[in-house]
Amino acid sequence: DELRALALLSDGASRLADRFGLLTWSGLLDVLRGDGPDALIARTRAAERDDPDGRRWPRGKTHDDATAAFWPLSG
């Protein structure tokens, strides 16, 4: 009864919350809800470009595949 939306994210799309710590999970969902998946991925790519060598956020590659889908549910 409390489910308001569904989100499906690849690890490349969730980087702002789970690897970079630039958003909370709630904040990530707010971006998806307010601006959509394209905006989330654009923000992720901007963060990756700001740290191309992975010094701030160590990672195996500069860019990871990023896929995001968001479905608001009516209740």
# chains A, B, ... in the order shown; residues from 1 in each chain; ligands from 1

call {"tool": "residues_around", "arguments": {"residues": "Leu16 in chain A", "least_positions_apart": "4", "cutoff": "10 Å", "atoms": "only C-alpha atoms", "output": "list of chain:residue names"}}
result
A:Asp11, A:Gly12, A:Phe20, A:Gly21, A:Leu22, A:Leu23, A:Thr24, A:Trp25, A:Gly27, A:Leu28, A:Leu40, A:Ile41, A:Arg43, A:Thr44, A:Arg45, A:Ala47, A:Glu48

call {"tool": "residues_around", "arguments": {"residues": "Leu32 in chain A", "least_positions_apart": "6", "cutoff": "12 Å", "atoms": "only C-alpha atoms", "output": "ChimeraX atom specification"}}
result
/A:5-9,13-14,23,25-26,38-43,67-72

call {"tool": "select_by_dssp", "arguments": {"residues": "chain A", "states": "strand (DSSP E)", "output": "list in words"}}
result
Ala5, Leu6, Ala7, Leu8, Leu9, Ala68, Ala69, Phe70, Trp71 and Pro72 of chain A

call {"tool": "write_last_selection", "arguments": {"atoms": "C-alpha atoms", "output": "tab-separated table (two decimals), in the first residue's frame"}}
result
chain	number	residue	atom	x	y	z
A	5	ALA	CA	7.24	4.24	-7.57
A	6	LEU	CA	9.61	1.69	-9.03
A	7	ALA	CA	13.15	2.33	-10.19
A	8	LEU	CA	15.49	0.02	-12.05
A	9	LEU	CA	19.15	1.08	-12.12
A	68	ALA	CA	17.84	3.86	-15.49
A	69	ALA	CA	14.09	3.39	-15.65
A	70	PHE	CA	11.48	4.99	-13.38
A	71	TRP	CA	7.79	4.19	-13.05
A	72	PRO	CA	5.62	6.36	-10.81

call {"tool": "closest_residue", "arguments": {"among": "A:Gly34, A:His63, A:Ala17, A:Leu73", "to": "Asp51 in chain A", "atoms": "only C-alpha atoms"}}
result
A:His63

call {"tool": "select_by_dssp", "arguments": {"residues": "chain A", "states": "alpha helix (DSSP H)", "output": "ChimeraX atom specification"}}
result
/A:15-18,25-35,37-50

call {"tool": "decode", "arguments": {"residues": "range 12-51 of chain A", "atoms": "C-alpha atoms", "output": "mmCIF file, in the first residue's frame"}}
result
data_model
loop_
_atom_site.group_PDB
_atom_site.id
_atom_site.type_symbol
_atom_site.label_atom_id
_atom_site.label_comp_id
_atom_site.auth_asym_id
_atom_site.auth_seq_id
_atom_site.Cartn_x
_atom_site.Cartn_y
_atom_site.Cartn_z
ATOM 1 C CA GLY A 12 26.583 2.735 -13.641
ATOM 2 C CA ALA A 13 23.371 4.707 -13.063
ATOM 3 C CA SER A 14 23.475 4.326 -9.284
ATOM 4 C CA ARG A 15 27.033 5.683 -8.911
ATOM 5 C CA LEU A 16 25.953 9.077 -7.570
ATOM 6 C CA ALA A 17 24.540 7.351 -4.477
ATOM 7 C CA ASP A 18 26.414 4.113 -3.977
ATOM 8 C CA ARG A 19 29.946 4.923 -5.146
ATOM 9 C CA PHE A 20 30.355 8.705 -5.270
ATOM 10 C CA GLY A 21 28.177 9.660 -2.301
ATOM 11 C CA LEU A 22 26.959 12.787 -4.100
ATOM 12 C CA LEU A 23 23.301 11.880 -3.536
ATOM 13 C CA THR A 24 21.438 9.888 -0.949
ATOM 14 C CA TRP A 25 19.178 7.161 -2.275
ATOM 15 C CA SER A 26 16.239 9.417 -1.533
ATOM 16 C CA GLY A 27 17.911 12.240 -3.447
ATOM 17 C CA LEU A 28 18.585 9.935 -6.384
ATOM 18 C CA LEU A 29 14.900 9.012 -6.489
ATOM 19 C CA ASP A 30 14.005 12.704 -6.319
ATOM 20 C CA VAL A 31 16.118 13.327 -9.443
ATOM 21 C CA LEU A 32 14.411 10.441 -11.220
ATOM 22 C CA ARG A 33 10.967 11.625 -10.158
ATOM 23 C CA GLY A 34 11.540 15.289 -10.942
ATOM 24 C CA ASP A 35 13.874 15.288 -13.932
ATOM 25 C CA GLY A 36 13.870 11.741 -15.269
ATOM 26 C CA PRO A 37 16.458 9.082 -16.060
ATOM 27 C CA ASP A 38 18.274 11.195 -18.678
ATOM 28 C CA ALA A 39 19.000 13.870 -16.070
ATOM 29 C CA LEU A 40 20.307 11.298 -13.596
ATOM 30 C CA ILE A 41 22.661 9.842 -16.184
ATOM 31 C CA ALA A 42 23.781 13.328 -17.257
ATOM 32 C CA ARG A 43 24.663 14.157 -13.640
ATOM 33 C CA THR A 44 26.531 10.871 -13.336
ATOM 34 C CA ARG A 45 28.524 11.579 -16.496
ATOM 35 C CA ALA A 46 29.368 15.076 -15.234
ATOM 36 C CA ALA A 47 30.712 13.627 -11.971
ATOM 37 C CA GLU A 48 32.762 11.064 -13.899
ATOM 38 C CA ARG A 49 34.222 13.802 -16.119
ATOM 39 C CA ASP A 50 35.207 15.758 -13.000
ATOM 40 C CA ASP A 51 37.304 12.781 -11.858
#
